[in-house]
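protein-v7.cif follows; it contains mmCIF, C-alpha atoms.
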data_protein
loop_
_atom_site.group_PDB
_atom_site.id
_atom_site.type_symbol
_atom_site.label_atom_id
_atom_site.label_comp_id
_atom_site.auth_asym_id
_atom_site.auth_seq_id
_atom_site.Cartn_x
_atom_site.Cartn_y
_atom_site.Cartn_z
ATOM 1 C CA MET D 1 91.381 193.014 61.044
ATOM 2 C CA ASN D 2 93.344 195.009 58.459
ATOM 3 C CA LYS D 3 94.812 193.835 55.166
ATOM 4 C CA LYS D 4 98.378 193.834 56.431
ATOM 5 C CA SER D 5 97.656 191.431 59.295
ATOM 6 C CA ILE D 6 95.631 189.138 57.007
ATOM 7 C CA LEU D 7 98.394 189.005 54.398
ATOM 8 C CA LEU D 8 100.925 188.328 57.146
ATOM 9 C CA ARG D 9 98.779 185.409 58.321
ATOM 10 C CA LEU D 10 98.828 183.940 54.807
ATOM 11 C CA LYS D 11 102.574 184.506 54.553
ATOM 12 C CA ASN D 12 103.141 182.635 57.811
ATOM 13 C CA ARG D 13 101.178 179.723 56.340
ATOM 14 C CA ASN D 14 103.486 179.701 53.316
ATOM 15 C CA LYS D 15 100.701 180.804 50.966
ATOM 16 C CA LEU D 16 102.188 184.205 50.162
ATOM 17 C CA GLU D 17 105.617 185.238 48.959
ATOM 18 C CA PHE D 18 107.115 188.724 48.825
ATOM 19 C CA LYS D 19 109.535 189.107 45.939
ATOM 20 C CA ASN D 20 111.017 192.301 44.443
ATOM 21 C CA ASP D 21 108.399 194.428 46.219
ATOM 22 C CA LYS D 22 105.637 192.312 44.709
ATOM 23 C CA LEU D 23 103.177 189.922 46.301
ATOM 24 C CA TYR D 24 102.636 186.379 44.991
ATOM 25 C CA LEU D 25 100.305 183.537 45.912
ATOM 26 C CA LYS D 26 101.802 180.042 45.939
ATOM 27 C CA PHE D 27 100.087 176.767 45.102
ATOM 28 C CA LYS D 28 101.683 173.399 44.433
ATOM 29 C CA ASP D 29 102.356 172.665 40.718
ATOM 30 C CA PHE D 30 101.385 176.217 39.680
ATOM 31 C CA VAL D 31 103.460 179.184 38.616
ATOM 32 C CA LEU D 32 103.352 182.070 41.082
ATOM 33 C CA PHE D 33 100.245 184.257 40.909
ATOM 34 C CA GLU D 34 101.153 187.935 41.141
ATOM 35 C CA ILE D 35 98.574 189.782 43.248
ATOM 36 C CA GLU D 36 97.667 193.103 41.658
ATOM 37 C CA GLU D 37 94.968 194.189 44.101
ATOM 38 C CA ALA D 38 93.513 193.197 47.478
ATOM 39 C CA SER D 39 90.068 194.394 48.549
ATOM 40 C CA PHE D 40 87.436 193.530 51.126
ATOM 41 C CA LYS D 41 84.009 192.214 50.165
ATOM 42 C CA LYS D 42 80.930 191.340 52.201
ATOM 43 C CA ILE D 43 78.443 188.623 51.223
ATOM 44 C CA ASP D 44 75.509 188.691 53.631
ATOM 45 C CA SER D 45 77.268 188.255 57.015
ATOM 46 C CA ASP D 46 80.489 186.796 55.571
ATOM 47 C CA ASN D 47 83.647 188.879 55.244
ATOM 48 C CA LEU D 48 86.011 188.159 52.357
ATOM 49 C CA LEU D 49 89.362 189.411 51.154
ATOM 50 C CA ILE D 50 89.548 189.276 47.350
ATOM 51 C CA LEU D 51 93.046 188.847 45.943
ATOM 52 C CA LYS D 52 93.061 189.776 42.263
ATOM 53 C CA SER D 53 95.580 188.414 39.790
ATOM 54 C CA LYS D 54 95.836 189.181 36.066
ATOM 55 C CA ASP D 55 93.667 186.315 34.866
ATOM 56 C CA THR D 56 91.589 185.489 37.926
ATOM 57 C CA HIS D 57 91.009 186.117 41.626
ATOM 58 C CA PHE D 58 91.210 184.228 44.923
ATOM 59 C CA GLU D 59 88.756 184.407 47.819
ATOM 60 C CA TYR D 60 89.885 184.391 51.426
ATOM 61 C CA TRP D 61 86.808 183.775 53.593
ATOM 62 C CA LEU D 62 87.913 185.463 56.793
ATOM 63 C CA ASP D 63 85.283 184.126 59.209
ATOM 64 C CA GLN D 64 85.799 180.577 57.913
ATOM 65 C CA ASP D 65 89.571 181.096 57.689
ATOM 66 C CA ILE D 66 89.912 179.460 54.273
ATOM 67 C CA LEU D 67 91.680 180.616 51.113
ATOM 68 C CA ILE D 68 89.792 179.320 48.074
ATOM 69 C CA PRO D 69 91.514 179.143 44.670
ATOM 70 C CA PRO D 70 89.329 179.721 41.584
ATOM 71 C CA TRP D 71 89.617 176.117 40.403
ATOM 72 C CA GLN D 72 87.575 175.129 43.458
ATOM 73 C CA THR D 73 83.896 175.737 44.215
ATOM 74 C CA HIS D 74 82.372 175.158 47.647
ATOM 75 C CA TRP D 75 78.640 175.013 48.382
ATOM 76 C CA PHE D 76 78.700 178.340 50.230
ATOM 77 C CA GLN D 77 80.054 180.080 47.110
ATOM 78 C CA LEU D 78 76.871 179.290 45.185
ATOM 79 C CA LYS D 79 74.145 181.875 44.742
ATOM 80 C CA ASN D 80 72.109 182.477 47.888
ATOM 81 C CA SER D 81 68.952 181.251 46.144
ATOM 82 C CA PHE D 82 70.348 177.783 45.343
ATOM 83 C CA LEU D 83 68.333 175.025 47.020
ATOM 84 C CA LEU D 84 70.216 172.186 48.701
ATOM 85 C CA LYS D 85 69.090 168.864 50.150
ATOM 86 C CA LEU D 86 71.181 167.763 53.124
ATOM 87 C CA LYS D 87 71.778 164.085 53.820
ATOM 88 C CA GLU D 88 69.632 162.058 56.234
ATOM 89 C CA ASN D 89 68.084 164.212 59.012
ATOM 90 C CA ILE D 90 70.924 166.719 59.253
ATOM 91 C CA LEU D 91 68.762 169.755 58.455
ATOM 92 C CA LYS D 92 66.117 168.965 61.049
ATOM 93 C CA SER D 93 68.829 168.332 63.634
ATOM 94 C CA LEU D 94 70.420 171.724 62.907
ATOM 95 C CA ILE D 95 67.108 173.544 63.270
ATOM 96 C CA LYS D 96 66.407 171.757 66.568
ATOM 97 C CA LYS D 97 69.789 172.906 67.876
ATOM 98 C CA GLY D 98 68.973 176.440 66.764
ATOM 99 C CA VAL D 99 65.558 176.365 68.465
ATOM 100 C CA THR D 100 67.128 175.065 71.671
ATOM 101 C CA LYS D 101 69.756 177.815 71.628
ATOM 102 C CA ALA D 102 67.246 180.586 70.838
ATOM 103 C CA GLY D 103 64.456 179.386 73.141
ATOM 104 C CA ASN D 104 61.785 178.886 70.498
ATOM 105 C CA LEU D 105 61.290 178.967 66.722
ATOM 106 C CA ASN D 106 60.141 182.605 66.611
ATOM 107 C CA LYS D 107 63.248 183.810 68.436
ATOM 108 C CA LEU D 108 65.463 181.722 66.148
ATOM 109 C CA CYS D 109 63.888 183.258 63.050
ATOM 110 C CA ARG D 110 64.354 186.772 64.436
ATOM 111 C CA SER D 111 68.009 186.005 65.162
ATOM 112 C CA LEU D 112 68.462 184.825 61.575
ATOM 113 C CA SER D 113 66.427 187.702 60.089
ATOM 114 C CA MET D 114 64.158 185.107 58.502
ATOM 115 C CA SER D 115 60.381 184.760 58.358
ATOM 116 C CA THR D 116 58.857 182.224 60.740
ATOM 117 C CA PRO D 117 56.815 180.335 58.078
ATOM 118 C CA ALA D 118 59.977 179.598 56.072
ATOM 119 C CA PHE D 119 61.617 177.773 58.965
ATOM 120 C CA TYR D 120 58.367 176.338 60.330
ATOM 121 C CA ASN D 121 57.940 174.182 57.208
ATOM 122 C CA LEU D 122 61.549 173.042 57.474
ATOM 123 C CA TYR D 123 61.177 172.333 61.191
ATOM 124 C CA LYS D 124 58.034 170.263 60.717
ATOM 125 C CA ASN D 125 59.758 168.296 57.945
ATOM 126 C CA ASN D 126 57.286 169.475 55.298
ATOM 127 C CA ILE D 127 60.148 170.811 53.163
ATOM 128 C CA GLU D 128 63.532 169.117 52.813
ATOM 129 C CA MET D 129 65.325 171.759 50.745
ATOM 130 C CA ILE D 130 67.073 174.793 52.197
ATOM 131 C CA SER D 131 68.600 177.750 50.379
ATOM 132 C CA VAL D 132 72.311 178.494 50.556
ATOM 133 C CA LEU D 133 71.521 181.777 52.333
ATOM 134 C CA LYS D 134 69.400 180.170 55.068
ATOM 135 C CA LEU D 135 71.893 177.381 55.640
ATOM 136 C CA LYS D 136 74.785 179.827 55.997
ATOM 137 C CA ARG D 137 72.857 181.953 58.487
ATOM 138 C CA LEU D 138 71.842 178.907 60.506
ATOM 139 C CA LEU D 139 75.420 177.584 60.631
ATOM 140 C CA ASN D 140 76.741 181.005 61.635
ATOM 141 C CA TYR D 141 74.207 181.156 64.466
ATOM 142 C CA LEU D 142 75.352 177.725 65.676
ATOM 143 C CA ASP D 143 79.044 178.648 65.246
ATOM 144 C CA ALA D 144 79.428 175.715 62.851
ATOM 145 C CA SER D 145 82.007 175.542 60.065
ATOM 146 C CA TYR D 146 80.825 175.785 56.447
ATOM 147 C CA MET D 147 83.579 173.363 55.453
ATOM 148 C CA ASP D 148 82.121 170.588 57.602
ATOM 149 C CA PHE D 149 79.085 170.496 55.303
ATOM 150 C CA ASN D 150 80.863 170.030 51.964
ATOM 151 C CA ASN D 151 80.259 166.275 52.234
ATOM 152 C CA LYS D 152 76.795 166.512 53.782
ATOM 153 C CA ILE D 153 74.908 167.761 50.712
ATOM 154 C CA GLU D 154 72.917 165.112 48.870
ATOM 155 C CA TYR D 155 71.642 167.015 45.844
ATOM 156 C CA THR D 156 70.489 170.289 44.356
ATOM 157 C CA LYS D 157 67.484 170.680 42.109
ATOM 158 C CA LYS D 158 65.361 173.136 40.196
ATOM 159 C CA GLY D 159 61.654 172.390 40.196
ATOM 160 C CA SER D 160 60.873 168.689 40.465
ATOM 161 C CA ARG D 161 64.054 167.434 38.767
ATOM 162 C CA ILE D 162 67.348 166.811 40.572
ATOM 163 C CA SER D 163 70.114 168.763 38.799
ATOM 164 C CA ILE D 164 73.099 167.129 40.501
ATOM 165 C CA ASN D 165 72.921 164.135 42.831
ATOM 166 C CA ASN D 166 75.714 163.119 45.236
ATOM 167 C CA LEU D 167 77.396 166.498 44.871
ATOM 168 C CA LYS D 168 81.180 166.426 45.240
ATOM 169 C CA PHE D 169 82.097 169.554 47.152
ATOM 170 C CA PRO D 170 84.494 171.129 46.922
ATOM 171 C CA ILE D 171 84.320 170.917 43.140
ATOM 172 C CA ASP D 172 87.934 170.888 41.940
ATOM 173 C CA LEU D 173 89.081 171.319 38.329
ATOM 174 C CA ASN D 174 92.778 171.042 39.178
ATOM 175 C CA SER D 175 92.960 167.410 38.098
ATOM 176 C CA LYS D 176 93.248 165.145 35.083
ATOM 177 C CA TYR D 177 89.458 165.183 34.703
ATOM 178 C CA GLY D 178 89.257 168.954 35.004
ATOM 179 C CA ALA D 179 91.874 169.409 32.282
ATOM 180 C CA LEU D 180 90.109 166.905 30.024
ATOM 181 C CA LEU D 181 86.795 168.658 30.571
ATOM 182 C CA LEU D 182 88.252 172.056 29.678
ATOM 183 C CA GLY D 183 89.690 170.475 26.525
ATOM 184 C CA TYR D 184 86.315 169.048 25.533
ATOM 185 C CA ILE D 185 84.652 172.426 26.060
ATOM 186 C CA VAL D 186 87.277 174.167 23.901
ATOM 187 C CA SER D 187 86.980 171.609 21.086
ATOM 188 C CA ASP D 188 83.342 170.519 20.753
ATOM 189 C CA GLY D 189 81.658 172.200 23.707
ATOM 190 C CA CYS D 190 80.071 175.525 24.509
ATOM 191 C CA ILE D 191 79.110 177.601 27.554
ATOM 192 C CA TYR D 192 76.262 179.998 26.892
ATOM 193 C CA ILE D 193 73.629 182.181 28.527
ATOM 194 C CA ASP D 194 70.102 180.831 28.200
ATOM 195 C CA LYS D 195 68.069 183.973 27.565
ATOM 196 C CA LYS D 196 64.860 181.951 27.703
ATOM 197 C CA GLY D 197 65.759 180.584 31.131
ATOM 198 C CA ARG D 198 66.352 183.722 33.223
ATOM 199 C CA ASN D 199 69.851 184.171 31.790
ATOM 200 C CA VAL D 200 71.112 180.984 33.443
ATOM 201 C CA ILE D 201 74.535 179.759 32.307
ATOM 202 C CA ARG D 202 74.251 176.416 30.478
ATOM 203 C CA THR D 203 76.808 173.952 29.132
ATOM 204 C CA LYS D 204 76.596 172.013 25.860
ATOM 205 C CA TYR D 205 78.762 169.327 24.268
ATOM 206 C CA SER D 206 78.270 167.699 20.857
ATOM 207 C CA THR D 207 80.203 165.084 18.895
ATOM 208 C CA ASN D 208 79.704 162.035 16.686
ATOM 209 C CA GLU D 209 82.355 160.047 18.576
ATOM 210 C CA GLU D 210 80.901 157.716 21.196
ATOM 211 C CA GLU D 211 84.244 157.426 22.988
ATOM 212 C CA SER D 212 84.395 161.202 23.455
ATOM 213 C CA ILE D 213 80.819 161.257 24.792
ATOM 214 C CA ASP D 214 81.691 158.550 27.318
ATOM 215 C CA SER D 215 84.849 160.367 28.393
ATOM 216 C CA PHE D 216 83.032 163.713 28.692
ATOM 217 C CA THR D 217 80.246 162.286 30.869
ATOM 218 C CA ASN D 218 82.819 160.414 32.971
ATOM 219 C CA CYS D 219 84.711 163.666 33.613
ATOM 220 C CA ILE D 220 81.488 165.387 34.648
ATOM 221 C CA SER D 221 80.665 162.531 37.015
ATOM 222 C CA LYS D 222 84.155 162.465 38.559
ATOM 223 C CA ILE D 223 84.175 166.216 39.221
ATOM 224 C CA TYR D 224 80.575 167.111 40.077
ATOM 225 C CA GLY D 225 78.580 163.963 40.858
ATOM 226 C CA LYS D 226 75.576 162.500 39.051
ATOM 227 C CA VAL D 227 74.541 165.320 36.709
ATOM 228 C CA HIS D 228 71.272 165.429 34.765
ATOM 229 C CA PHE D 229 71.752 165.676 30.971
ATOM 230 C CA ASN D 230 69.309 166.467 28.200
ATOM 231 C CA GLN D 231 70.381 164.365 25.224
ATOM 232 C CA GLU D 232 69.365 164.390 21.573
ATOM 233 C CA THR D 233 70.790 163.078 18.308
ATOM 234 C CA ILE D 234 70.838 165.135 15.116
ATOM 235 C CA ARG D 235 72.402 163.688 11.938
ATOM 236 C CA ASN D 236 74.480 161.114 13.830
ATOM 237 C CA CYS D 237 75.731 163.806 16.212
ATOM 238 C CA THR D 238 74.974 163.429 19.923
ATOM 239 C CA ILE D 239 74.209 166.679 21.752
ATOM 240 C CA LEU D 240 74.377 166.862 25.550
ATOM 241 C CA ARG D 241 72.923 169.861 27.385
ATOM 242 C CA ILE D 242 73.493 170.532 31.081
ATOM 243 C CA GLY D 243 71.005 172.852 32.738
ATOM 244 C CA SER D 244 72.802 173.367 36.054
ATOM 245 C CA SER D 245 74.756 176.626 36.136
ATOM 246 C CA ILE D 246 77.200 175.110 38.647
ATOM 247 C CA ILE D 247 79.076 173.374 35.806
ATOM 248 C CA GLY D 248 79.314 176.396 33.512
ATOM 249 C CA ASN D 249 80.252 178.819 36.290
ATOM 250 C CA SER D 250 83.041 176.601 37.625
ATOM 251 C CA LEU D 251 84.490 176.171 34.109
ATOM 252 C CA LEU D 252 84.391 179.923 33.488
ATOM 253 C CA LYS D 253 86.284 180.502 36.742
ATOM 254 C CA ALA D 254 89.008 178.190 35.414
ATOM 255 C CA GLY D 255 89.348 180.191 32.193
ATOM 256 C CA ALA D 256 86.880 178.553 29.810
ATOM 257 C CA ILE D 257 85.381 180.836 27.165
ATOM 258 C CA MET D 258 81.797 182.036 27.199
ATOM 259 C CA GLY D 259 79.876 182.007 23.928
ATOM 260 C CA HIS D 260 81.380 182.177 20.440
ATOM 261 C CA LYS D 261 84.810 180.486 20.543
ATOM 262 C CA ALA D 262 85.665 181.511 16.972
ATOM 263 C CA LYS D 263 86.212 185.056 18.242
ATOM 264 C CA ASN D 264 88.803 183.762 20.721
ATOM 265 C CA ASP D 265 90.861 181.348 18.600
ATOM 266 C CA GLY D 266 93.570 179.643 20.600
ATOM 267 C CA GLU D 267 92.577 181.133 23.949
ATOM 268 C CA VAL D 268 93.844 178.496 26.369
ATOM 269 C CA PRO D 269 92.228 178.495 29.843
ATOM 270 C CA TRP D 270 94.577 180.075 32.365
ATOM 271 C CA LEU D 271 94.328 176.959 34.571
ATOM 272 C CA ILE D 272 96.098 174.995 31.824
ATOM 273 C CA ARG D 273 98.677 177.687 31.086
ATOM 274 C CA PHE D 274 99.629 178.047 34.749
ATOM 275 C CA ASN D 275 99.916 174.320 35.546
ATOM 276 C CA GLN D 276 102.143 172.343 33.205
ATOM 277 C CA ASN D 277 100.969 169.016 34.662
ATOM 278 C CA LEU D 278 97.500 169.543 33.166
ATOM 279 C CA ARG D 279 98.557 170.203 29.573
ATOM 280 C CA GLU D 280 98.817 166.601 28.417
ATOM 281 C CA HIS D 281 95.203 165.857 29.412
ATOM 282 C CA TYR D 282 93.912 169.152 28.010
ATOM 283 C CA LEU D 283 95.569 168.539 24.636
ATOM 284 C CA ARG D 284 94.361 164.944 24.517
ATOM 285 C CA ALA D 285 90.741 166.125 24.759
ATOM 286 C CA THR D 286 91.260 169.093 22.435
ATOM 287 C CA PHE D 287 92.825 166.952 19.710
ATOM 288 C CA SER D 288 90.393 164.033 20.017
ATOM 289 C CA ASP D 289 92.734 161.701 21.880
ATOM 290 C CA GLU D 290 95.567 162.130 19.367
ATOM 291 C CA ALA D 291 98.010 163.635 21.890
ATOM 292 C CA SER D 292 100.664 161.825 23.878
ATOM 293 C CA VAL D 293 103.672 162.769 25.985
ATOM 294 C CA TYR D 294 107.185 161.489 25.287
ATOM 295 C CA MET D 295 109.232 161.013 28.438
ATOM 296 C CA GLY D 296 112.927 161.076 27.554
ATOM 297 C CA LYS D 297 115.848 163.329 28.376
ATOM 298 C CA ILE D 298 113.665 166.183 27.197
ATOM 299 C CA ASN D 299 109.908 165.871 27.658
ATOM 300 C CA TYR D 300 107.738 166.947 24.771
ATOM 301 C CA ILE D 301 104.223 166.458 23.456
ATOM 302 C CA VAL D 302 103.470 164.537 20.274
ATOM 303 C CA ILE D 303 100.226 165.276 18.431
ATOM 304 C CA SER D 304 99.806 161.902 16.690
ATOM 305 C CA ARG D 305 101.473 161.781 13.246
ATOM 306 C CA HIS D 306 102.440 164.259 10.532
ATOM 307 C CA LYS D 307 99.155 163.993 8.673
ATOM 308 C CA HIS D 308 97.316 165.285 11.741
ATOM 309 C CA ILE D 309 99.674 168.251 12.088
ATOM 310 C CA ARG D 310 98.904 169.229 8.484
ATOM 311 C CA ASP D 311 95.178 169.011 9.157
ATOM 312 C CA LEU D 312 95.114 171.173 12.300
ATOM 313 C CA ASN D 313 92.537 173.943 12.103
ATOM 314 C CA LYS D 314 93.200 177.553 13.018
ATOM 315 C CA ARG D 315 92.010 177.176 16.610
ATOM 316 C CA GLN D 316 94.224 174.138 17.225
ATOM 317 C CA LEU D 317 97.282 175.887 15.800
ATOM 318 C CA GLU D 318 96.640 178.903 18.024
ATOM 319 C CA ILE D 319 96.311 176.641 21.067
ATOM 320 C CA LEU D 320 99.748 175.156 20.378
ATOM 321 C CA LYS D 321 101.203 178.647 20.002
ATOM 322 C CA LYS D 322 99.725 179.783 23.309
ATOM 323 C CA LEU D 323 101.232 176.760 25.046
ATOM 324 C CA ARG D 324 104.522 177.399 23.207
ATOM 325 C CA ILE D 325 104.552 173.935 21.738
ATOM 326 C CA LYS D 326 106.380 173.427 18.408
#

Output the file's structure as structure tokens, nothing else.
Amino acid sequence: MNKKSILLRLKNRNKLEFKNDKLYLKFKDFVLFEIEEASFKKIDSDNLLILKSKDTHFEYWLDQDILIPPWQTHWFQLKNSFLLKLKENILKSLIKKGVTKAGNLNKLCRSLSMSTPAFYNLYKNNIEMISVLKLKRLLNYLDASYMDFNNKIEYTKKGSRISINNLKFPIDLNSKYGALLLGYIVSDGCIYIDKKGRNVIRTKYSTNEEESIDSFTNCISKIYGKVHFNQETIRNCTILRIGSSIIGNSLLKAGAIMGHKAKNDGEVPWLIRFNQNLREHYLRATFSDEASVYMGKINYIVISRHKHIRDLNKRQLEILKKLRIK
């Protein structure tokens, strides 16, 4: 299948728009995304068309026939090495179907280009976790849809500790909670690379306001599921650390900043800039719940009272400029 036929398919589904010799992707509530480049990519046995825009990119998984915006994360987009626990006896049932189709376990493993011991332990129920790579290969062999398993994943873990329980795939930041979370990260949060932990991307949030802590953890729960936190208190300030890279990676895809925010004063995540409906929630988190929206003949945002406007720091002023709020 060539690019032209794929783009035509998306156009017929009202996802693409041709305008003034330019190509745009359309999503509800968002401004149009101008596509600057389209290129093919292969991940293991999966074929993708990558549609690049100025600030981000979109993935069209051809074999699964799904266009995935960057504010979403599905289980099959995770690193191949991620370990997943499927609900109930789903994994064992899948392997049994594969063995039946192949004839025996050895033939199944050869068909999947996998070692027999790896699947033998899964088949005999000695191991309950399966990697993203193995699960994708098994589903491809059974002609099963990846999408059907978004709600069949119980948890992911590293070592003996569960990182995220009751995972909510697809993870979606295009919501009130996603906008709030991005605001918290910009104000009192941080996404960083843990050089002591194999360069894994971590997420940290710190504040002395209990209400903000509660709201932050609620946003995490609403978007991702039950996430494990490491918590400590230093000088009346509560610090939350999240070890799972799923959180940090999904936030970065939505335009959050990695590392030192002082070097990027006022850099508003593109997800907020491109969707006006998210700005109220983003500003409320960024300005510690001092933002509100006035709904009159002309809608505008009020940042509490005059004394707060005078006390805005450089980053907050730059944020307002980027959003063109006066």

Kindly indicate which residue among D:Arg9, D:Arg241, D:Lys222, D:Lys124 lies nearest to D:Thr203, using all atoms listed in the file for the distances. D:Arg241

Run the PyMOL selection byres ((chain D and resi 240) around 7) on the file and write out the hits as a JSON list (two decimals) with C-alpha atoms, keeping the file's coordinate frame.
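The new file expr_28.json reads:
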[["chain", "number", "residue", "atom", "x", "y", "z"],
["D", 204, "LYS", "CA", 76.60, 172.01, 25.86],
["D", 205, "TYR", "CA", 78.76, 169.33, 24.27],
["D", 206, "SER", "CA", 78.27, 167.70, 20.86],
["D", 229, "PHE", "CA", 71.75, 165.68, 30.97],
["D", 230, "ASN", "CA", 69.31, 166.47, 28.20],
["D", 231, "GLN", "CA", 70.38, 164.36, 25.22],
["D", 232, "GLU", "CA", 69.36, 164.39, 21.57],
["D", 238, "THR", "CA", 74.97, 163.43, 19.92],
["D", 239, "ILE", "CA", 74.21, 166.68, 21.75],
["D", 241, "ARG", "CA", 72.92, 169.86, 27.38],
["D", 242, "ILE", "CA", 73.49, 170.53, 31.08]]

Around (73.1, 182.9, 53.6) in the file's own coordinates, what residues are found within 12 Å if you use all atoms listed in the file, given back as a PyMOL selection string? chain D and resi 42-46+75-83+112-114+130-141+146

Tell me which residues come within 8 Å of (82.1, 183.4, 59.1), as a list in words, counting only C-alpha atoms in the file's coordinates. Ser45, Asp46, Asn47, Trp61, Leu62, Asp63, Gln64, Asp65, Asn140 and Ser145 of chain D

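Taken over the whole file, the PyMOL selection byres ((chain D and resi 275) around 10) covers exactly Phe27, Lys28, Asp29, Phe30, Val31, Asn174, Ala179, Trp270, Leu271, Ile272, Arg273, Phe274, Gln276, Asn277, Leu278 and Arg279 of chain D.
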
Take the residues from that selection and write them out as a PDB file, in the coordinates of the input, keeping C-alpha atoms.
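As a result, out.pdb now contains:
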ATOM      1  CA  PHE D  27     100.087 176.767  45.102  1.00  0.00           C
ATOM      2  CA  LYS D  28     101.683 173.399  44.433  1.00  0.00           C
ATOM      3  CA  ASP D  29     102.356 172.665  40.718  1.00  0.00           C
ATOM      4  CA  PHE D  30     101.385 176.217  39.680  1.00  0.00           C
ATOM      5  CA  VAL D  31     103.460 179.184  38.616  1.00  0.00           C
ATOM      6  CA  ASN D 174      92.778 171.042  39.178  1.00  0.00           C
ATOM      7  CA  ALA D 179      91.874 169.409  32.282  1.00  0.00           C
ATOM      8  CA  TRP D 270      94.577 180.075  32.365  1.00  0.00           C
ATOM      9  CA  LEU D 271      94.328 176.959  34.571  1.00  0.00           C
ATOM     10  CA  ILE D 272      96.098 174.995  31.824  1.00  0.00           C
ATOM     11  CA  ARG D 273      98.677 177.687  31.086  1.00  0.00           C
ATOM     12  CA  PHE D 274      99.629 178.047  34.749  1.00  0.00           C
ATOM     13  CA  GLN D 276     102.143 172.343  33.205  1.00  0.00           C
ATOM     14  CA  ASN D 277     100.969 169.016  34.662  1.00  0.00           C
ATOM     15  CA  LEU D 278      97.500 169.543  33.166  1.00  0.00           C
ATOM     16  CA  ARG D 279      98.557 170.203  29.573  1.00  0.00           C
TER      17      ARG D 279
END

D:Ile171, D:Ser250, D:Ile185, D:Val200 ranked by distance to D:Glu267, top pick (using only C-alpha atoms): D:Ile185

Give me, as a PyMOL selection string, all polymer residues having an atom no more than 7 Å from D:Pro70, counting only C-alpha atoms and skipping those fewer than 2 positions away in the same chain. chain D and resi 57-58+68+72+253-254

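Put simply, the PyMOL selection byres ((chain D and resi 7) around 12) on this file hits D:Met1, D:Asn2, D:Lys3, D:Lys4, D:Ser5, D:Ile6, D:Leu8, D:Arg9, D:Leu10, D:Lys11, D:Asn12, D:Arg13, D:Asn14, D:Lys15, D:Leu16, D:Glu17, D:Phe18, D:Leu23, D:Tyr24, D:Leu25, D:Ile35, D:Ala38, D:Ser39, D:Leu49, D:Ile50, D:Leu51, D:Tyr60, D:Leu62, D:Leu67.
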
Minimum-distance residue to D:Ser93, chosen among D:Leu142, D:Asp55, D:Pro269, D:His228 (using all atoms listed in the file): D:Leu142

When you look at stretch 157-167 of chain D with a cut-off of 8 Å (counting only C-alpha atoms), what residues show up, excluding the ones that are within fewer than 2 positions of it in the same chain? I need them as an NGL selection string. :D and (83-84 or 151 or 153-155 or 169 or 224-228 or 243-244)

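You can rank D:Asn89, D:Ser187, D:Asn236, D:Ser245 by their closest distance to D:Arg284 using all atoms listed in the file, and at the top of that list sits D:Ser187.
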
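Using all atoms listed in the file, the nearest neighbour of D:Lys168 within the list D:Lys85, D:Lys195, D:Lys152, D:Arg202 is D:Lys152.
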
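Between atom CA of D:Leu48 and atom CA of D:Glu36 the interatomic distance comes to 16.6 Å.
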